[in-house]
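> Below is one structure. I have some questions about it.
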Amino acid sequence: MQDPNAEDAVGRLSHDSSEENDWAAAKAFFDSLKTTTKPRPPKPKNAVTIAVSSRTLFNMVKERKLYEEEGLERYVSYQLEHEDQPFTPGVAFPFVKALMVVNARLRELYPDSEELFDIVLMTNNHAQVGVRLINSINHYGLSIERFCMTGGESPIGYLKAYMTNLYLSKDSQKVQQAIEEGIAAATMFTCDNENKLSDTQLRVAFDGDAVLFSDESEIIVKKHGLDTFFQHEKEFENKPLAQGPLKCFLEALGKLQRKFYAKNLRITCPIRTYLVTARSAASAGARVLKTLRSWGLEVDEALFLAGAPKGPLLQKIRPHIFFDDQMFHIEGAQELGTIAAHVPYGIGQKYHKSKPLKPKEAEK
Amino acid sequence: MAVSCHGMFDLDSCNVQPDSCALPKGAAFAFIKAVQTVNQRLLGLSEKNKTLLFEVVLLGKDCEEHIKLNIFDSAKHYGLEIDKFYFCSSDNLIGTLQANHINLFLSPDKDDVYSVLKAGVPAALLYQQAEQQAINRLKVLFSGDLIGLSADSMVCLKDRGFTDVHIQNFKAAKECLREFVVRIGEMKRMFGHEGSPLHTSLMTVWGSRDVCASALKTLRGWGLDVDEAFCLAGATCGPILALLQPHIVWDNGLHNLKGVAPLLSS
């Protein structure tokens with residue numbers, strides 16, 4: 001597939017002198033230097049930027065252990081020795097492949113648009129490990145063109161510089177910092193028996209309270225119990241909940257979904273979103289749906305579990321990623337093979353189910 | 001390594017306060033302080049490292065007599081360890097640098113940097129830091145789009161519209177860069193990966209990830225393991241630079257093309 005922008009620039013070159021078209025020359029030059037005819041990545045401001053860390057993209061468990069046991073120098077030299085060996089896929093790998101599928105469909109429908117997913121590798125790994133990471137990315141043919149290897153510095157500032165819409169990492173501290181800075185983020189964990197996932201449709205599942213919405217209602221449940229919660233939700237049915245850390249990511253997904261709807265492709269839309277909440281439809285569900293409507297957002301499927309475990313349902317849905325703020329839901333999902341990401345936000349961090357955690361446990 | 005500095009002090013504002021005892025700090029100030037830290041650490045490790053130390057030379061271009069005096073006094077006032085002071089006219093800039101075997105010329109003035117680089121003297125840009133950064137580290141940024149190209153690949157740039165002159169400049173710039181990188185690599189190896197006072201970064205602005213990978217490998221081949229790497233693939237570099245706040249920037253000639261130069265400062 002010819003890169004339309006390179007063709008354009010080369011055409012200009014033959015008419016004008018290179019002095020006047022240095023910019024075009026530089027661009028055309030680098031476009032042509034690519035080893036394959038890969039499309040150029042979109043400008044960050046137009047794209048939905050997803051930042052993944054190296055440990056979520058690839059399985060670096062062995063190397064991580066080496067770093068923790070034998071230190072940085074040994075870790076870096078090990079990586080250099082094994083530079084030509086690609087890593088094996090990590091927990092965010094299926095998610096990234098699904099994003100690429102959506103991009104391919106978007107490019108078919110809108111060849112000139114920059115409203116695409118842009119995947120950035122954001123890692124505080126040392127730059128020398130970069131060569132092995134790039135070799136691995138090449139090996140799997142992933143379309144990750146942008147990366148940031150901060151050599152030990154915090155990547156949080158760079159997340160903002162790349163206008164990141166979602167950040168995935170194995171390090172919960174970084175994820176927490178990102179959320180505090182207003183960036184949607186979640187912690188991922190190694191998942192062993194993953195279910196077979198769709199390779200034509202990106203599926204993203206969200207918990208409601210403290211993920212899409214703020215934890216205001218969650219607080220009522222934890223502090224005053226379920227009955228008070230139901231009363232409260234009925235009373236304030238028409239008052240929208242405040243937004244949670246992942247609302248903007250759902251919004252970004254919705255923007256891309258509407259591009260398919262505009263071409264009458266709702267049924268075969270390659271993005272599908274799910275709300276999977278412990279709320280019950282009858283007593284607390286209306287407020288949630290009305291809040292989404294007031295934000296101009298929609299989810300494709302809203303599943304109210306009324307307290308039933310989320311694991312079995314998620315196993316049926318098979319999302320590429322499931323976001324929840326409470327660890328016991330995450331664990332429940334993982335037990336049945338779902339890739340789950342923890343959103344460390346809100347009062348849920350200080351409780352385990354409905355029992356308050358001792359302060360030491362809560363800080364983990 | 002002799003480093004010549006222009007832009008130590010903010011000479012433009014000295015006209016406003018002719019009687020002040022010390023000139024206000026310019027872009028090079030933080031750089032000098034950082035270099036002093038590196039020198040101290042190198043000596044701290046071993047007396048033998050004397051040969052590796054930075055030697056800073058202050059170069060004043062077209063300075064009037066009273067300014068020269070001001071510069072001496074200000075340098076002393078701030079406790080800057082400057083080994084030599086040279087004053088020359090702008091026509092004689094390159095001659096002065098070559099005659100005194102300067103290994104690196106630094107200036108916040110892009111035009112000066114590029115004309116010196118074209119003449120085969122290594123030169124890099126002094127980055128205007130937003131605020132006085134912590135001076136316990138010297139931060140160097142290499143712009144990597146051309147580093148990974150071998151001499152042969154440079155020749156085929158002609159098909160893309162670059163002239164022979166451009167290509168010649170790129171080759172000269174790359175050679176200068178290599179000399180500097182080799183020395184910095186030597187210094188850096190004295191320190192480990194953690195707690196080093198020398199912090200190096202690589203940034204490719206236009207190239208694909210393979211361009212970045214080959215730049216990393218080339219620098220490694222010259223003896224330097226950079227700490228940070230950024231591959232922007234067309235994203236604007238302004239926000240990243242603002243975060244990075246390097247002291248000096250090596251842009252090895254690509255960005256002296258008109259229209260591409262604003263890339264670094266935007």
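Chain labels follow the order of the structure tokens: the first chain is A, the next B, and so on; residue numbering restarts at 1 in every chain, and ligands are counted from 1 in their shown order.
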Neighbours of Leu52 (chain B) within 9 Å (only C-alpha atoms; same-chain residues fewer than 3 positions away dropped), as a VMD selection string?
chain B and resid 1 39 42 48 to 49 183 to 184 186 to 187
> Can you list every residue in region 135-216 of chain A that DSSP puts in alpha helix (DSSP H), as a list in words?
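Answer for region 135-216 of chain A, restricted to alpha helix (DSSP H): Asn135, Ser136, Ile137, Asn138, His139, Tyr140, Ile156, Gly157, Tyr158, Leu159, Lys160, Ala161, Ser172, Gln173, Lys174, Val175, Gln176, Gln177, Ala178, Ile179, Glu180 and Glu216 of chain A.
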> May I have the residues within 12 Å of Gly244 (chain A) as an MDAnalysis selection string, using only C-alpha atoms and disregarding those fewer than 2 positions away in the same chain?
chainID A and resid 179:180 182:185 206:218 240:242 246:251 291:292 323:325 343:346
> How many Å separate CA of His126 (chain A) from CA of Met149 (chain A)?
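Calculated distance between CA of His126 (chain A) and CA of Met149 (chain A) is 6.2 Å.
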> Would you pick out the contacts of Leu244 (chain B) at 9 Å or less, using only C-alpha atoms, so that residues sharing its chain but fewer than 5 positions from it are not included, and give the list as a ChimeraX atom specification?
/B:139,141,201,239
> Write the residues of the preceding selection, restricted to all heavy atoms, as a CSV table (one decimal), in the first residue's frame.

chain,number,residue,atom,x,y,z
B,139,LYS,N,23.2,17.3,31.2
B,139,LYS,CA,22.3,16.6,30.3
B,139,LYS,C,22.5,17.0,28.8
B,139,LYS,O,22.5,18.1,28.4
B,139,LYS,CB,20.8,17.0,30.6
B,139,LYS,CG,20.4,16.5,32.0
B,139,LYS,CD,19.0,17.0,32.4
B,139,LYS,CE,18.0,16.0,31.9
B,139,LYS,NZ,16.7,16.2,32.7
B,141,LEU,N,21.6,16.1,24.8
B,141,LEU,CA,20.6,15.5,23.9
B,141,LEU,C,21.1,15.3,22.5
B,141,LEU,O,21.6,16.3,22.0
B,141,LEU,CB,19.3,16.3,23.9
B,141,LEU,CG,18.2,15.8,22.9
B,141,LEU,CD1,17.7,14.5,23.3
B,141,LEU,CD2,17.1,16.9,22.8
B,201,SER,N,20.7,11.6,26.2
B,201,SER,CA,19.4,11.1,25.6
B,201,SER,C,19.5,11.2,24.1
B,201,SER,O,20.2,12.0,23.5
B,201,SER,CB,18.3,12.1,26.0
B,201,SER,OG,18.4,12.5,27.4
B,239,PRO,N,6.9,19.7,23.6
B,239,PRO,CA,6.6,19.3,24.9
B,239,PRO,C,7.6,18.4,25.6
B,239,PRO,O,7.9,18.4,26.8
B,239,PRO,CB,5.2,18.6,24.8
B,239,PRO,CG,4.7,19.1,23.5
B,239,PRO,CD,5.9,19.4,22.6
> Taking the backbone alone, and naming residues the way the document does, which bits of region 25-240 of chain A are strand (DSSP E or B) by DSSP, as a PyMOL selection string?
chain A and resi 48-52+58-59+88-89+117-123+146-149+164-169+185-188+202-206+209+213
> Neighbouring residues of Asp227 (chain A) were defined as those with any atom within 12 Å, considering only C-alpha atoms; residues of the same chain fewer than 6 positions away were excluded. Please report them as a list in words.
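Once the adjacent positions are removed, what remains is Ile220, Val221, Glu233, Lys234, Ser283 and Ala284 of chain A.
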> Name the closest residue to chain B among the candidates A:Thr273, A:Thr123, A:Asn59, A:Gln315; distances are taken between atoms, counting only C-alpha atoms.
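Closest residue, counting only C-alpha atoms: A:Thr123.
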> Could you give me, as number ranges by chain, the residues within 10 Å of region 108-111 of chain A, counting only C-alpha atoms and dropping anything in the same chain fewer than 4 positions from it?
A: 4, 102-104, 115-116, 259-260, 263
> When distances are computed from only C-alpha atoms, which of B:Asp225, B:Asp164, B:Asp145, B:Glu55 shows the smallest separation from His101 (chain B)?
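When distances to His101 (chain B) are compared using only C-alpha atoms, the smallest one comes from B:Glu55.
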> How many Å separate CA of Ala215 (chain B) from CA of Gly144 (chain B)?
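Calculated distance between CA of Ala215 (chain B) and CA of Gly144 (chain B) is 5.9 Å.
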> Using only C-alpha atoms, can you tell me which of A:Arg132, A:Lys222, A:Lys170, A:Arg55 comes closest to Glu83 (chain A)?
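Comparing A:Arg132, A:Lys222, A:Lys170, A:Arg55 against Glu83 (chain A), the winner is A:Arg132.
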> Give me the residues near Arg189 (chain B) as a ChimeraX atom specification, where near means some atom within 10 Å (using only C-alpha atoms) and where sequence neighbours in that chain fewer than 3 positions away do not count.
/B:184-186,192-193,196,198,223-225
> Have a look at A:Ala92, A:Leu133, A:Ile219, A:Ile271 and name the one nearest to Gly348 (chain A); count only C-alpha atoms.
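When distances to Gly348 (chain A) are compared using only C-alpha atoms, the smallest one comes from A:Ile219.
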